Each structure stands twice: as structure tokens, then as C-alpha cells.
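Chemist: One structure, as C-alpha cells, below. Some questions next.
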Amino acid sequence: MTAGSGEVVLALRDVSKSFGPVVALRSGRIEARTGSIHALVGENGAGKSTLVKIVAGVHRRDAGEFLLGGEEVDFGSTAESKDAGVAVIYQEPTLFPDLSVTENIFMGRQPTGRGRRIDRAAMYAETERLFARLGVHIDPRRPALGLSIADQQILEIAKAISLDARLLIMDEPTAALSGVEVDRLFAVARSLRDEGRALIFISHRFDEVFGLCDTITVMRDGSYVDTVAAAGTSVDGIVSMMVGREVGDLFPKTPAELGEPVLKVEGLSSAGLFHDVSFEVRAGEIVGLAGLVGAGRSEVARAVFGVDRYDAGTVTLDGTSVPKHNPRAAIHRGIAFIPEDRRKQGLVTDASVARNIAGVIRGGLSRFGLLTGSDEGRAARPWAEKLEVKTSALDMTAATMSGGNQQKVVIAKWLATDPRLLIIDEPTRGIDVGTKAEVHRLLSELAGQGMAILMISSELPEVLGMADRVLVLCEGRLTADIPRDQATPENVMRAATQTHQEASA
Ligand SMILES: Nc1ncnc2c1ncn2[C@@H]1O[C@H](COP(=O)(O)OP(=O)(O)OP(=O)(O)O)[C@@H](O)[C@H]1O
Ligand SMILES: [Mg+2]
């Protein structure tokens, strides 16, 4: 255990939590100090979010010590935790969309002026001051509705500062952010650290953990493993503590035997989103779609699958055109689409895992009569096993699964449809390092069996490691089509930042 220099703000020792028969947290332990950013890492389902929720007052611990500022506490609600100076920033903040940015920050404690009227001017001024301090530009009077996730998180942080939180916990805050937004969030985190607050940061991305944090606590299977100084350890060291076994090659790409073109996209355009996009994906091929966030990658994928409309162009699968704006027909033709935002678009969170996996194939199974629970289990099981979703968990409702396991369920559900073309957006977002290699192996294997795969990813190593060919989008236009042996970080980045004028020059 490394001794940091600051004062201990939060101390958890041997904290446990079970939900019925499920032990979510066996013996959680962490010490967060002032002036420190402390990483909490571990595989999917290791118990990180459960530990955070105990500190946040969402759950009550079953046993163990929980000290805040040296005093034993036991929060029965999130309000109690907030009052004690704890702020938690989740991946998807929950704001009131109809209220203004300022009203969200001052929710429940509006400053009152003369005659006990809410002093709006004072509120706006205070919000401006908070935003200036955080170095962000958000109109204090605008509604929260329509703010980017990055701005919503900043809003939560502004709120935490205005409440003078001494402990700020961020549970996978960067999963939905672009590179620039991550940089801004980190700058804010560092300045809060320098003010002497304590921060806890959860992420599956080691570049972030090592770039931001000074101390790292590792968890495995609900238990504390060790706490180390970031400067004294390496990614490999952390990974072996996390998984307790060897992790295979992260990019187990096997040479592809390319067949006929499966997907042909010609002249696809959608006003304001993308323009004149043409490409092919052949049987057995993994095509990576790279580009900066906002370049139009997900938009192109959504149009091909038919969830969004497009203005011009054609999409053909195996030589026959795919009807426009008709995802049902696309599924029927053998296209699977695993969206980026899997929680919102991919999962029925109050249904069981088995039902979620079997959901898409239901059409097929139910043709032979009524679909029973055991049919669902049968269809789901092989895919769940491949992705290491614990099968005992198949009857669980998806909402109680860990974030990473939810991701796996959505992937399993689509693979069970045995598609011709798989479109997968950010395949390993939120997935731990062990399973990441597993997902990559699976993609490589499926391509080896002749599936055509279009993979969108913001992680350059993933694109370069897995794709046979890299397409690069910039501001809605294709700027490069690079074969695997020529794809380097430099030429992908160059094409990703090239403007339209340069491209056509
Ligand atoms: N309300 C609940 N009911 C039942 N089981 C739960 C509940 N909340 C969490 N669990 C289980 O507890 C275990 C730990 O989950 P937790 O969300 O803490 O993991 P995590 O470390 O945050 O993982 P990830 O990296 O995937 O987010 C998981 O097996 C999960 O399914
Ligand atoms: Mg989690």
C-alpha cells in the first residue's frame, strides 16, 4: 500500500454488498486522499460501480468500514452522500432536460433574494463564475436538453464545486467523449486535484489511467487486490493484477481470405451529415471505419442499416438492393447492426439477459410455434459463453448487470442472428482488457468464416490491429482507403484531419 501525502478523505475497508445470491462486492477497499487522482480498475463485474454506489448512497453496505473525513458514515440516500461532500459523475448524467443549465446546478437550493424570491440574476452570475473557473463556454440560460454528454458532465462537476464537494468520483466518464472533450475533462480534474480535492477515476483505458492518475487500486472478483503508485508500475503489471491470468494477443487478426463483395455502398449522401460515400466490404473482410468523433462514421452506418434516412445513393447486399429506411428488411437480408450507445439503443434493460439475446432471433424461432423460456436460453447460451457473460446470469435482468456485461449481451444478441454483414460501432467500448482480446478473436473468427464486417472505432490501435482495410471519414467525406499493410497511425490521422478542399486538391 502506497502512502500518499494528502489527508485521507475516504476510507473503505472490507466493505461487502450482496444482492440476494449475487455477491457484487466481497471486500472493497480504497483510501482516497486530498490532492490525488486515484484510479479504480478491474475487469467487468469486478465490483467497481457497486463500491461507488455505496459511497454515493445508492446502496447500503452489508458489512465493513466506511469512513468519510475520519468519521464512520452510512448513507441511506444519495442526498445524505451529497450533503457530506461527495459528488459522483456517471457516464450518462441525469439532468432535468426542461430546466436551464443554471436551474440544474442550483436544483433544490436556489439562492433567495429580497422577499424570498429566487434571485435568478445571482444564480446566473454564479454559474458564469463556475464555468469560467472550469474554462468552459456554456450559456447558463440555455436548457439542459440537447447538451452533449461532455457538457452534461461538466455541469455535474460545476454543481459539485458549487456544493464544495471534497470527494469527486467519476465512473467511466470518458466512454462517450471525443478526444478533445476528454482533454478538457482531464484539465478540469487536474485543477480540482490541485485545489486539494480528492478524486476517484474509473476507466478501462490504460492510457487515461496512466495519463491522469497518481495512485491505482486494482479489484478482482469483488475483492481488493492491491494499491500501487502509477509511477512505479506498468500497464502489464496492472493487467496481470486485474485478470490474474495471461491475456492473449490483444489483436489476434488472422490473414483474411477475401470473397465476393457483400456490401456495396454507392454515392450515399445525407444533407449536413455525409456526402457521396462509396465503398465495399467483401466476404471475409474486416473494414475499419476511422475518423474523428463527428466525422459521420456512425451516421453512415445507421443509414446503411436503415435506422436513418439518406437523400441519395444506393446500398446493395449480395448484389440486391437493400430497401431504404427499413431496418426490419435489413435484418431479414442478413445485416446486423450493433450500435455505439448500447444501453439506450441496444438493450431492453428490464428484460432478462436470455430474452435480450434471443430477442432478434425470435422471428426465426417463433415460426415453429411459441417461444419458450428454455428456447431463449438455448439460443443465447453459446454466444454468452463465447463472450464470457456468466451463464448463471442469463436469468438476471440486464439492468442489474455491470456496464461491461451489458455491452457483451448486446453483442451476443446480434451474433446469434448469424448475419452476412456485421456492422459494429465501437466494439470494445466499456469492455475490460481480458474480454477485449476475446471480442477481437471472435471478430477475426467470424470473418474467417466468411462474414463481412464493418467496424467503426475511435481507438486507432484497434482499427490498425483488426482491419484488412481502413476507410477514413473526415467531415462526412471519405478521404482515404488504406490497405492493412500501409495503414499507419500517421496516414490515418492525416486523412482524418484533412479538410474537403485539401482532399479534392
Ligand atoms: N442491483 C444488482 N442486483 C444484482 N446484481 C448486481 C446488482 N448490481 C450489480 N450486480 C452484480 O455485481 C457485480 C459487480 O457489478 P459492478 O457493476 O459493480 O461491476 P463493475 O466493476 O462496475 O463492472 P464494469 O466494468 O463492467 O462496469 C456484477 O456481477 C453485477 O452483475
Ligand atoms: Mg461499472
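Residues are named by chain letter and number: chains run A, B, ... in the order of the C-alpha cells, numbers start at 1 in each chain, and ligands are numbered from 1 in the order shown.
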Mind listing the residues within 6 Å of ligand 2, only C-alpha atoms and all ligand atoms counted, as number ranges by chain?
Modeler: A: 48-49, 402-403
Chemist: To check your reading of the model: which residues sit at most 6 Å from ligand 1 when counting only C-alpha atoms and all ligand atoms? Write the answer as a PDB file with C-alpha atoms, in the first residue's frame.
Modeler:
ATOM      1  CA  PHE A  19     -27.942  -8.676  -3.936  1.00  0.00           C
ATOM      2  CA  VAL A  22     -25.156 -12.398  -6.034  1.00  0.00           C
ATOM      3  CA  ALA A  24     -21.341  -7.895  -6.017  1.00  0.00           C
ATOM      4  CA  GLU A  43     -12.487  -6.363 -15.093  1.00  0.00           C
ATOM      5  CA  ASN A  44     -16.170  -6.105 -15.979  1.00  0.00           C
ATOM      6  CA  GLY A  45     -18.179  -7.122 -12.955  1.00  0.00           C
ATOM      7  CA  ALA A  46     -15.259  -6.676 -10.523  1.00  0.00           C
ATOM      8  CA  GLY A  47     -17.439  -4.526  -8.267  1.00  0.00           C
ATOM      9  CA  LYS A  48     -16.166  -1.014  -9.054  1.00  0.00           C
ATOM     10  CA  SER A  49     -19.563   0.586  -9.663  1.00  0.00           C
ATOM     11  CA  THR A  50     -21.039  -1.199  -6.659  1.00  0.00           C
ATOM     12  CA  THR A 400     -28.556  -5.155 -12.775  1.00  0.00           C
ATOM     13  CA  MET A 401     -25.569  -6.345 -14.830  1.00  0.00           C
ATOM     14  CA  SER A 402     -22.320  -4.449 -14.778  1.00  0.00           C
ATOM     15  CA  GLY A 403     -21.839  -1.936 -17.596  1.00  0.00           C
ATOM     16  CA  GLY A 404     -19.400  -4.109 -19.491  1.00  0.00           C
ATOM     17  CA  ASN A 405     -21.562  -7.201 -19.251  1.00  0.00           C
TER      18      ASN A 405
END
Chemist: Which residues, written as a PyMOL selection string, have at least one atom at most 6 Å from segment 419-421 of chain A, with only C-alpha atoms counted and residues fewer than 6 positions away on the same chain left out?
Modeler: chain A and resi 334-336+451-453
Chemist: Skip Gly430 of chain A itself and residues of its chain fewer than 5 positions away, then list as a count of residues only all residues within 12 Å of it, counting only C-alpha atoms.
Modeler: 29
Chemist: Got a sec: who's within 8 Å of Gly288 of chain A, counting only C-alpha atoms, leaving out chain neighbours fewer than 5 positions off, as a JSON list (two decimals) with C-alpha atoms, in the first residue's frame?
Modeler:
[["chain", "number", "residue", "atom", "x", "y", "z"],
["A", 454, "LEU", "CA", -17.68, -3.12, -40.97],
["A", 455, "MET", "CA", -16.09, -1.92, -37.76],
["A", 456, "ILE", "CA", -16.19, 1.64, -36.50],
["A", 457, "SER", "CA", -13.69, 2.52, -33.82],
["A", 463, "VAL", "CA", -8.53, -0.23, -36.20],
["A", 466, "MET", "CA", -8.03, -5.64, -36.71],
["A", 467, "ALA", "CA", -8.88, -4.15, -40.12],
["A", 468, "ASP", "CA", -7.91, -5.56, -43.50],
["A", 469, "ARG", "CA", -8.61, -2.15, -44.93],
["A", 470, "VAL", "CA", -9.11, 1.23, -43.28],
["A", 471, "LEU", "CA", -11.58, 3.77, -44.62]]
